[in-house]
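Source file structure_34.cif; content: mmCIF, C-alpha atoms.
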```cif
data_run
#
loop_
_atom_site.group_PDB
_atom_site.id
_atom_site.type_symbol
_atom_site.label_atom_id
_atom_site.label_comp_id
_atom_site.auth_asym_id
_atom_site.auth_seq_id
_atom_site.Cartn_x
_atom_site.Cartn_y
_atom_site.Cartn_z
ATOM 1 C CA MET J 1 0.153 15.928 -29.609
ATOM 2 C CA ASP J 2 2.411 13.177 -30.711
ATOM 3 C CA ARG J 3 2.242 9.681 -29.301
ATOM 4 C CA SER J 4 5.175 9.990 -26.883
ATOM 5 C CA LYS J 5 3.602 12.949 -25.085
ATOM 6 C CA VAL J 6 0.319 11.088 -24.649
ATOM 7 C CA VAL J 7 2.153 8.040 -23.277
ATOM 8 C CA ALA J 8 4.143 10.252 -20.897
ATOM 9 C CA ILE J 9 1.001 11.975 -19.589
ATOM 10 C CA LEU J 10 -0.828 8.666 -19.134
ATOM 11 C CA THR J 11 2.174 7.163 -17.339
ATOM 12 C CA GLY J 12 2.369 10.153 -15.005
ATOM 13 C CA ALA J 13 -1.356 9.980 -14.266
ATOM 14 C CA VAL J 14 -1.172 6.252 -13.472
ATOM 15 C CA SER J 15 1.857 6.882 -11.268
ATOM 16 C CA LEU J 16 0.021 9.582 -9.328
ATOM 17 C CA LEU J 17 -3.033 7.362 -8.876
ATOM 18 C CA LEU J 18 -0.877 4.508 -7.572
ATOM 19 C CA ALA J 19 0.948 6.835 -5.191
ATOM 20 C CA ILE J 20 -2.316 8.239 -3.786
ATOM 21 C CA ALA J 21 -3.782 4.730 -3.437
ATOM 22 C CA TYR J 22 -0.640 3.603 -1.598
ATOM 23 C CA LEU J 23 -0.770 6.550 0.801
ATOM 24 C CA LEU J 24 -4.454 5.909 1.510
ATOM 25 C CA LEU J 25 -3.740 2.224 2.170
ATOM 26 C CA VAL J 26 -0.902 3.074 4.554
ATOM 27 C CA GLN J 27 -3.107 5.571 6.393
ATOM 28 C CA LEU J 28 -5.885 3.004 6.671
ATOM 29 C CA LEU J 29 -3.543 0.367 8.067
ATOM 30 C CA ASP J 30 -1.962 2.891 10.448
ATOM 31 C CA PHE J 31 -5.407 3.988 11.648
ATOM 32 C CA ARG J 32 -6.136 0.455 12.879
ATOM 33 C CA GLY J 33 -3.779 0.946 15.806
ATOM 34 C CA GLU J 34 -0.620 -0.566 17.134
ATOM 35 C CA MET J 35 0.460 -3.874 15.635
ATOM 36 C CA LEU J 36 1.021 -6.384 18.403
ATOM 37 C CA PRO J 37 3.140 -9.495 17.896
ATOM 38 C CA ALA J 38 1.448 -12.862 18.097
ATOM 39 C CA PRO J 39 1.555 -14.489 21.543
ATOM 40 C CA ILE J 40 4.502 -16.879 21.703
ATOM 41 C CA GLY J 41 2.633 -19.426 23.812
ATOM 42 C CA THR J 42 0.050 -20.176 21.141
ATOM 43 C CA LEU J 43 2.595 -20.275 18.309
ATOM 44 C CA PHE J 44 4.674 -23.078 19.779
ATOM 45 C CA HIS J 45 2.043 -25.100 21.599
ATOM 46 C CA TRP J 46 2.812 -28.791 21.038
ATOM 47 C CA GLY J 47 -0.300 -30.569 22.156
#
```

Please render this file's structure as C-alpha coordinates.
Amino acid sequence: MDRSKVVAILTGAVSLLLAIAYLLLVQLLDFRGEMLPAPIGTLFHWG
(Lines of atoms letter the chains of each structure in order from A and count residues from 1; the text may use other names and numbers.)
(Lines give C-alpha, C1' and ligand atoms only; values in the text may rest on other atoms or scores of the structure.)
Protein backbone atom coordinates (compact mmCIF):
# COMPACT_ATOMS: atom_id res chain seq x y z
CA MET A 1 0.00 0.00 0.00
CA ASP A 2 1.19 3.47 -0.64
CA ARG A 3 1.41 6.11 2.05
CA SER A 4 -1.82 7.95 1.19
CA LYS A 5 -3.92 4.81 1.63
CA VAL A 6 -2.39 4.12 5.04
CA VAL A 7 -3.03 7.71 6.13
CA ALA A 8 -6.63 7.50 4.88
CA ILE A 9 -7.28 4.25 6.76
CA LEU A 10 -5.72 5.59 9.97
CA THR A 11 -7.74 8.81 9.69
CA GLY A 12 -10.95 6.84 9.21
CA ALA A 13 -10.18 4.60 12.18
CA VAL A 14 -9.47 7.59 14.44
CA SER A 15 -12.67 9.24 13.23
CA LEU A 16 -14.71 6.14 14.06
CA LEU A 17 -13.13 5.87 17.51
CA LEU A 18 -13.91 9.52 18.25
CA ALA A 19 -17.49 9.11 17.05
CA ILE A 20 -18.05 6.03 19.23
CA ALA A 21 -16.46 7.75 22.24
CA TYR A 22 -18.71 10.78 21.70
CA LEU A 23 -21.84 8.63 21.49
CA LEU A 24 -20.87 6.77 24.67
CA LEU A 25 -20.26 10.07 26.47
CA VAL A 26 -23.63 11.44 25.38
CA GLN A 27 -25.37 8.25 26.50
CA LEU A 28 -23.61 8.40 29.86
CA LEU A 29 -24.62 12.02 30.41
CA ASP A 30 -28.19 11.30 29.27
CA PHE A 31 -28.39 8.32 31.63
CA ARG A 32 -27.80 10.60 34.62
CA GLY A 33 -31.33 11.97 34.32
CA GLU A 34 -33.00 15.26 33.70
CA MET A 35 -30.84 18.36 33.93
CA LEU A 36 -32.41 20.82 36.33
CA PRO A 37 -31.54 24.51 36.28
CA ALA A 38 -29.80 25.98 39.29
CA PRO A 39 -32.13 27.52 41.88
CA ILE A 40 -32.40 31.25 41.25
CA GLY A 41 -32.53 32.11 44.95
CA THR A 42 -29.04 30.81 45.67
CA LEU A 43 -27.51 32.34 42.54
CA PHE A 44 -28.42 35.92 43.39
CA HIS A 45 -28.24 35.87 47.17
CA TRP A 46 -26.61 39.12 48.31
CA GLY A 47 -25.75 38.52 51.91

Padding 6 Å on every side, please: axis-aligned box over the listed atoms of region 3-15 of chain J, centre and edge lengths to one decimal in Å, as JSON.
```
{"center_x": 1.9, "center_y": 9.6, "center_z": -20.3, "size_x": 18.5, "size_y": 18.7, "size_z": 30.0}
```

TODO: Find the distance between CA of Lys5 (chain J) and CA of Ala19 (chain J) and write it in Å to one decimal.
DONE: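 Taking CA of Lys5 (chain J) and CA of Ala19 (chain J), their separation equals 21.0 Å.
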
Task: CA of Ile9 (chain J) to CA of Ala21 (chain J), straight-line distance in Å - done: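 Computing it gives 18.3 Å between the two atoms.
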